[in-house]
Amino acid sequence: MRNIAVLSVFFIVITVSAQVKLTGRVTDTQNGKPLGKVIVSVRDKDNRMKGYAQTKTDGSYVVLAQSIEGCLLHFSIIGYKKRSIELIDGRTVYDVTLEQSAIELKEVKVKARKIRQRGDTLVYNVATFAKDGDRSIGDVLKNMPGIQVANDGKISYNGMPINKFYIEGKDLLQGRYGLATQGVEHKDVSSVEVMTNHQPVKALKNLSESEQTAINLKLKDGSKAHLITTINAALGTPSLWNGNLTGMMFSKEWQMISTYKTNNTGDDLQRDIREHIDIFAKTGQKYSEAEYLTLPVGNKSELEQRRTLLNKSHLLSTNWIFGIGKDATLDAQVSYLTDREHSNHITNSEYFSAEGSRKIEDRLHSKVNNQIFSAKLTAEVNRDSSYLNNVLRTDLNWNDGDVLTNGTYNASQHLYLPRHQLSNTLEYIHRKGKNALTLNSRNQMEWLPQYTSVTRDGKPYSQELGRHSFYSDEHINYDWGIGRFVLAVEGGLTYLNRRMMDYHTKRYQTYLTPTLKYPHHDFNFTLRLPISYFHYDFEDSKRDDVSYGTSLGISYRGIPHLTVSFSGSISENPYNISNHYDGLLMTNYRTMTRGTTEYATATAKSLNLTATYQNSSNAQFGFLTITRMWNKNPFVSIQSFEGDWLINGLMLSPNHSQSWLVNGNFETLFPITGGMFKLFINWMQHNQQMMTGDVQTPYSNNSLSIDAIINGMLFRKLNWKYELEYGSTHLRIGDDRPNALQGFEHSFSLYYSPVKKLSLSLIGEYYHNEVSNHQYSDHFLMDTKAILKLRSNLELTLSLNNILNVSHYAYTTYTELMSLSGSQPIRGRELLLSLYFRPI
């Protein structure tokens with residue numbers, strides 16, 4: 001037995017010693033980078049394998065072969081040309097370079113999941129929702145069920161506005177996420193994460209629950225850590241231009257989006273820098289000066305603003321965020337917008353009263369100049385045990401406008417409407433166990449040196465409203481975790497010092513809000529009992545008051561895919577000091593507003609029922625909100641005439657109002673069409689009273705809108721979308737028969753790509769509006785576009801808008817105790833040639 005073992009070892013040693021050891025390194029021919037996982041094999045003349053190995057990450061390999069006589073050394077890997085080298089007796093080192101090659105693969109169908117759920121986070125695969133013709137991530141968000149994008153750019157999820165918009169986990173834009181939705185291309189984004197029940201403050205997790213949602217863009221690896229630049233330039237007729245230069249950088253340590261935009265083609269650049277404020281964020285009380293002086297509003301139609309806006313706009317914006325250590329960030333935003341708009345439109349207003357109706361025709365030509373500068377610096381430290389956030393910002397607006405009219409009135413008006421604000425907001429949270437202490441401080445100054453001058457029938461009128469104010473809110477909040485309960489007590493002081501012309505007002509407020517929370521499994525209970533003490537110093541009088549309220553909220557998530565919440569509240573609303581002045585203020589060439597020096601407060605009651613449905617596996621989403629409100633008002637609104645002046649304002653006269661609000665939608669993927677189906681419903685009813693002449697007149701306003709959208713694909717090359725929207729408004733005065741108007745909008749879009757480098761699109765809109773009882777106005781608008789892809793990063797686009805050259809759009813609507821009929825000009829036929837370039 002021992003002899004057999006010795007003999008076996010002898011033969012093994014002989015065999016190993018006869019093998020040839022081949023080594024070397026494999027690299028890329030173009031860039032010299034090492035190639036890992038390259039298959040290296042020794043093959044004889046009959047292609048039989050004599051040895052095999054695989055290269056390491058550094059490109060090195062070692063192959064053992066018993067014999068190399070007449071053999072070849074073979075190299076292969078997907079994406080590179082195969083290579084074979086004849087082996088030479090005595091040579092054992094072979095360094096090789098491989099050339100890249102395009103490989104034509106057989107058609108393989110891969111079905112990626114469109115939506116995945118990971119805990120409270122939904123992950124939308126961007127590539128599966130992007131359609132031909134989409135460029136920005138904002139275009140793709142509109143295709144995702146459960147996500148709603150409003151015309152002003154605001155994003156909601158299942159009917160609730162999002163509270164944060166992140167890019168790779170960083171809040172670069174601080175609510176101004178229109179710059180990202182319009183500027184970031186969808187091909188740079190791998191997925192959109194929707195984080196439900198998102199609590200952005202780490203120190204409040206498991207202590208202060210959130211029912212809101214945040215969105216996070218996950219970028220592709222190739223779109224990180226290098227500068228992304230896009231250039232769009234367009235020229236057209238008549239005398240049109242549109243330009244956009246954007247630079248973006250998203251690294252692990254810092255992010256940046258900077259852009260310059262200019263156009264006179266109807267693009268609203270204010271939408272890009274509009275701050276979508278989280279209205280549910282707990283940041284204390286806020287104050288903002290009311291607007292008294294206004295230009296007459298002529299655009300109340302359903303048309304998209306790009307159809308009607310006559311503008312010359314320039315926007316420069318830069319946004320930066322830097323990571324400082326693990327948990328701290330510094331964010332800076334600066335933007336400047338100059339926007340010139342002009343319009344010509346005709347409106348016919350009919351004011352209803354107990355004494356009969358009165359009609360006013362306005363043939364308006366208006367010009368508005370807006371200059372807006374804003375800067376914000378945010379420092380944040382977000383840790384599990386503490387949170388610090390300080391925001392220093394300034395908003396400087398220089399707005400002015402002119403209006404001419406030759407309808408019922410022969411008048412002109414000039415307005416100068418600057419508005420300047422400087423504020424600092426500080427929030428600090430210290431967390432220890434189940435307890436948290438929160439300190440908040442907000443200080444704000446506003447200056448509004450505004451005035452207007454009117455010439456009517458040769459008579460001059462003027463109104464100067466020099467205003468300035470200082471507002472401060474200092475409050476503290478303490479959260480105790482008591483078993484399964486959380487008791488939060490918030491208390492604070494506010495101070496307001498306000499001057500308008502000769503009216504000087506001071507207001508002091510002390511408030512206390514105890515809140516009891518019971519978050520347990522699928523059940524969440526919240527009870528709030530706010531109480532406030534107010535002291536008013538009106539210079540000629542003083543007033544003290546106490547207001548109180550109660551609110552109760554209950555939510556339940558125990559039903560699969562469904563969350564149901566119910567809330568109710570009773571509150572005494574504080575006195576609105578913006579209405580406290582004596583006499584009349586001239587707001588425009590035909591309207592004055594009457595103030596009041598009477599003091600009184602209103603009481604409000606409300607009930608709200610909300611149900612949200614989310615089934616990500618079937619891509620079905622929906623929500624329904626029903627709200628009922630009752631108000632006991634000490635003041636009644638005024639709508640009366642004194643000579644040729646329309647008088648608005650308030651009068652002390654107790655009255656009641658009631659409202660219903662119903663809002664809902666349902667969204668799902670629609671496999672039959674290969675697209676998606678969306679349905680939105682909104683219904684509102686308000687029962688109120690208004691003083692018309694000397695009579696307090698009850699009236700009811702009703703409005704209903706239904707919007708259905710369906711899209712899909714035909715023949716793999718034709719994308720289509722159809723939308724049907726129905727709207728109606730009702731006005732009922734007292735017990736009279738209601739006045740009713742209705743309208744329909746049909747819109748469609750087709751996107752066809754006959755060959756890989758060419759795509760064609762057609763958009764149509766048809767409006768059928770009831771402008772008076774059983775009389776309708778019809779409008780049909782069409783646009784077309786051709787896109788030629790010269791390279792993957794270079795495109796030429798030829799657009800023809802308003803092909804039929806429709807010049808005006810007619811509409812009628814009811815609002816309060818009046819009807820408004822308008823004839824609004826539409827941008828005429830326009831031809832535009834655009835160049836898109838993205839340097840690689």
# chains A, B, ... in the order shown; residues from 1 in each chain; ligands from 1
$ residues_around --residues "segment 455-459 of chain A" --least-positions-apart "3" --cutoff "10 Å" --atoms "only C-alpha atoms" --output "ChimeraX atom specification"
/A:404-405,409-414,462,589-590
$ write_last_selection --atoms "N, CA and C atoms" --output "short mmCIF file (atom, residue, chain, number, x, y, z; two decimals), in the first residue's frame"
data_model
loop_
_atom_site.label_atom_id
_atom_site.label_comp_id
_atom_site.auth_asym_id
_atom_site.auth_seq_id
_atom_site.Cartn_x
_atom_site.Cartn_y
_atom_site.Cartn_z
N LEU A 404 -54.36 100.65 -20.00
CA LEU A 404 -55.23 101.58 -20.72
C LEU A 404 -56.54 100.86 -21.02
N THR A 405 -57.66 101.57 -20.88
CA THR A 405 -58.96 100.98 -21.22
C THR A 405 -59.83 102.03 -21.87
N TYR A 409 -65.13 102.62 -19.19
CA TYR A 409 -64.31 103.70 -18.68
C TYR A 409 -63.28 104.10 -19.73
N ASN A 410 -62.98 105.38 -19.78
CA ASN A 410 -61.88 105.89 -20.58
C ASN A 410 -60.80 106.30 -19.59
N ALA A 411 -59.88 105.36 -19.30
CA ALA A 411 -58.98 105.58 -18.17
C ALA A 411 -57.61 104.99 -18.46
N SER A 412 -56.64 105.45 -17.68
CA SER A 412 -55.29 104.89 -17.68
C SER A 412 -54.83 104.79 -16.24
N GLN A 413 -53.93 103.87 -15.99
CA GLN A 413 -53.43 103.66 -14.64
C GLN A 413 -51.99 103.23 -14.68
N HIS A 414 -51.21 103.76 -13.74
CA HIS A 414 -49.83 103.33 -13.54
C HIS A 414 -49.68 102.85 -12.11
N SER A 462 -54.85 109.58 -7.23
CA SER A 462 -53.60 108.91 -6.83
C SER A 462 -53.78 108.28 -5.45
N TYR A 589 -58.43 101.43 -11.53
CA TYR A 589 -59.11 102.58 -12.11
C TYR A 589 -60.63 102.55 -11.92
N ARG A 590 -61.20 101.43 -11.44
CA ARG A 590 -62.64 101.39 -11.26
C ARG A 590 -63.08 100.76 -9.95
#
$ select_by_dssp --residues "segment 56-178 of chain A" --states "alpha helix (DSSP H)" --output "list of chain:residue names"
A:Val126, A:Ala127, A:Thr128, A:Phe129, A:Ile137, A:Gly138, A:Asp139, A:Val140, A:Leu141, A:Gly178
$ write_last_selection --atoms "N, CA and C atoms" --output "mmCIF file, in the first residue's frame"
data_model
loop_
_atom_site.group_PDB
_atom_site.id
_atom_site.type_symbol
_atom_site.label_atom_id
_atom_site.label_comp_id
_atom_site.auth_asym_id
_atom_site.auth_seq_id
_atom_site.Cartn_x
_atom_site.Cartn_y
_atom_site.Cartn_z
ATOM 1 N N VAL A 126 -37.474 54.596 -14.066
ATOM 2 C CA VAL A 126 -37.684 55.707 -15.000
ATOM 3 C C VAL A 126 -37.749 55.230 -16.440
ATOM 4 N N ALA A 127 -36.884 54.299 -16.808
ATOM 5 C CA ALA A 127 -36.823 53.852 -18.208
ATOM 6 C C ALA A 127 -38.143 53.243 -18.670
ATOM 7 N N THR A 128 -38.881 52.594 -17.753
ATOM 8 C CA THR A 128 -40.128 51.937 -18.146
ATOM 9 C C THR A 128 -41.281 52.930 -18.275
ATOM 10 N N PHE A 129 -41.131 54.142 -17.743
ATOM 11 C CA PHE A 129 -42.189 55.148 -17.844
ATOM 12 C C PHE A 129 -41.880 56.231 -18.873
ATOM 13 N N ILE A 137 -37.058 65.019 -16.555
ATOM 14 C CA ILE A 137 -37.644 64.106 -15.577
ATOM 15 C C ILE A 137 -39.053 64.559 -15.216
ATOM 16 N N GLY A 138 -39.338 65.855 -15.362
ATOM 17 C CA GLY A 138 -40.697 66.335 -15.130
ATOM 18 C C GLY A 138 -41.678 65.743 -16.129
ATOM 19 N N ASP A 139 -41.245 65.542 -17.375
ATOM 20 C CA ASP A 139 -42.110 64.901 -18.372
ATOM 21 C C ASP A 139 -42.461 63.481 -17.954
ATOM 22 N N VAL A 140 -41.495 62.764 -17.395
ATOM 23 C CA VAL A 140 -41.706 61.364 -17.027
ATOM 24 C C VAL A 140 -42.533 61.257 -15.754
ATOM 25 N N LEU A 141 -42.361 62.201 -14.815
ATOM 26 C CA LEU A 141 -43.159 62.168 -13.585
ATOM 27 C C LEU A 141 -44.654 62.194 -13.898
ATOM 28 N N GLY A 178 -38.786 73.147 -9.455
ATOM 29 C CA GLY A 178 -39.069 73.309 -10.875
ATOM 30 C C GLY A 178 -37.800 73.367 -11.706
#
$ atom_distance --atom1 "atom CA of Leu512 of chain A" --atom2 "atom CA of Thr494 of chain A"
11.7 Å
$ closest_residue --among "A:Asn206, A:Ser747, A:Asn739, A:Ser759" --to "Val486 of chain A" --atoms "only C-alpha atoms"
A:Asn206
$ closest_residue --among "A:Asn711, A:Thr55, A:Thr265, A:Gln100" --to "Gly675 of chain A" --atoms "only C-alpha atoms"
A:Asn711
$ residues_around --residues "segment 418-434 of chain A" --least-positions-apart "2" --cutoff "7 Å" --atoms "only C-alpha atoms" --output "PyMOL selection string"
chain A and resi 203+207+385-399+416+436-450+480-481
$ residues_around --residues "segment 715-720 of chain A" --least-positions-apart "4" --cutoff "6 Å" --atoms "only C-alpha atoms" --output "PyMOL selection string"
chain A and resi 711+749-753
$ residues_around --residues "Val63 of chain A" --least-positions-apart "2" --cutoff "8 Å" --atoms "only C-alpha atoms" --output "PyMOL selection string"
chain A and resi 21-23+40-42+51-53+61+65
$ residues_around --residues "Leu646 of chain A" --least-positions-apart "5" --cutoff "9 Å" --atoms "only C-alpha atoms" --output "number ranges by chain"
A: 590-593, 639-641
$ write_last_selection --atoms "C-alpha atoms" --output "mmCIF file, in the first residue's frame"
data_model
loop_
_atom_site.group_PDB
_atom_site.id
_atom_site.type_symbol
_atom_site.label_atom_id
_atom_site.label_comp_id
_atom_site.auth_asym_id
_atom_site.auth_seq_id
_atom_site.Cartn_x
_atom_site.Cartn_y
_atom_site.Cartn_z
ATOM 1 C CA ARG A 590 -62.640 101.394 -11.261
ATOM 2 C CA THR A 591 -62.471 99.652 -7.868
ATOM 3 C CA MET A 592 -62.051 100.848 -4.285
ATOM 4 C CA THR A 593 -61.766 98.827 -1.092
ATOM 5 C CA GLN A 639 -70.256 94.658 -3.418
ATOM 6 C CA SER A 640 -71.908 97.943 -4.299
ATOM 7 C CA PHE A 641 -71.498 101.010 -6.489
#
$ closest_residue --among "A:Val62, A:Leu817, A:Ile706, A:Ile672" --to "Leu731 of chain A" --atoms "only C-alpha atoms"
A:Leu817
$ residues_around --residues "Lys142 of chain A" --least-positions-apart "5" --cutoff "10 Å" --atoms "only C-alpha atoms" --output "PDB file with N, CA and C atoms, in the first residue's frame"
ATOM      1  N   PHE A 129     -41.131  54.142 -17.743  1.00  0.00           N
ATOM      2  CA  PHE A 129     -42.189  55.148 -17.844  1.00  0.00           C
ATOM      3  C   PHE A 129     -41.880  56.231 -18.873  1.00  0.00           C
ATOM      4  N   ALA A 130     -40.624  56.337 -19.299  1.00  0.00           N
ATOM      5  CA  ALA A 130     -40.249  57.350 -20.291  1.00  0.00           C
ATOM      6  C   ALA A 130     -40.810  56.967 -21.658  1.00  0.00           C
ATOM      7  N   ILE A 137     -37.058  65.019 -16.555  1.00  0.00           N
ATOM      8  CA  ILE A 137     -37.644  64.106 -15.577  1.00  0.00           C
ATOM      9  C   ILE A 137     -39.053  64.559 -15.216  1.00  0.00           C
ATOM     10  N   ILE A 147     -48.457  59.998  -8.963  1.00  0.00           N
ATOM     11  CA  ILE A 147     -47.764  61.289  -8.900  1.00  0.00           C
ATOM     12  C   ILE A 147     -48.505  62.287  -9.770  1.00  0.00           C
ATOM     13  N   GLN A 148     -48.829  63.455  -9.193  1.00  0.00           N
ATOM     14  CA  GLN A 148     -49.516  64.501  -9.938  1.00  0.00           C
ATOM     15  C   GLN A 148     -48.605  65.722 -10.052  1.00  0.00           C
ATOM     16  N   VAL A 149     -48.559  66.290 -11.245  1.00  0.00           N
ATOM     17  CA  VAL A 149     -47.767  67.493 -11.506  1.00  0.00           C
ATOM     18  C   VAL A 149     -48.719  68.577 -11.986  1.00  0.00           C
ATOM     19  N   ALA A 150     -48.882  69.652 -11.195  1.00  0.00           N
ATOM     20  CA  ALA A 150     -49.802  70.737 -11.531  1.00  0.00           C
ATOM     21  C   ALA A 150     -49.189  71.633 -12.600  1.00  0.00           C
ATOM     22  N   ILE A 155     -45.686  69.365  -7.226  1.00  0.00           N
ATOM     23  CA  ILE A 155     -45.803  67.913  -7.281  1.00  0.00           C
ATOM     24  C   ILE A 155     -46.554  67.419  -6.055  1.00  0.00           C
TER      25      ILE A 155
END
$ select_by_dssp --residues "segment 446-616 of chain A" --states "strand (DSSP E)" --output "PyMOL selection string"
chain A and resi 446-456+459-482+485-500+503-520+523-528+531-537+542-559+562-573+584-588+591-594+602-615
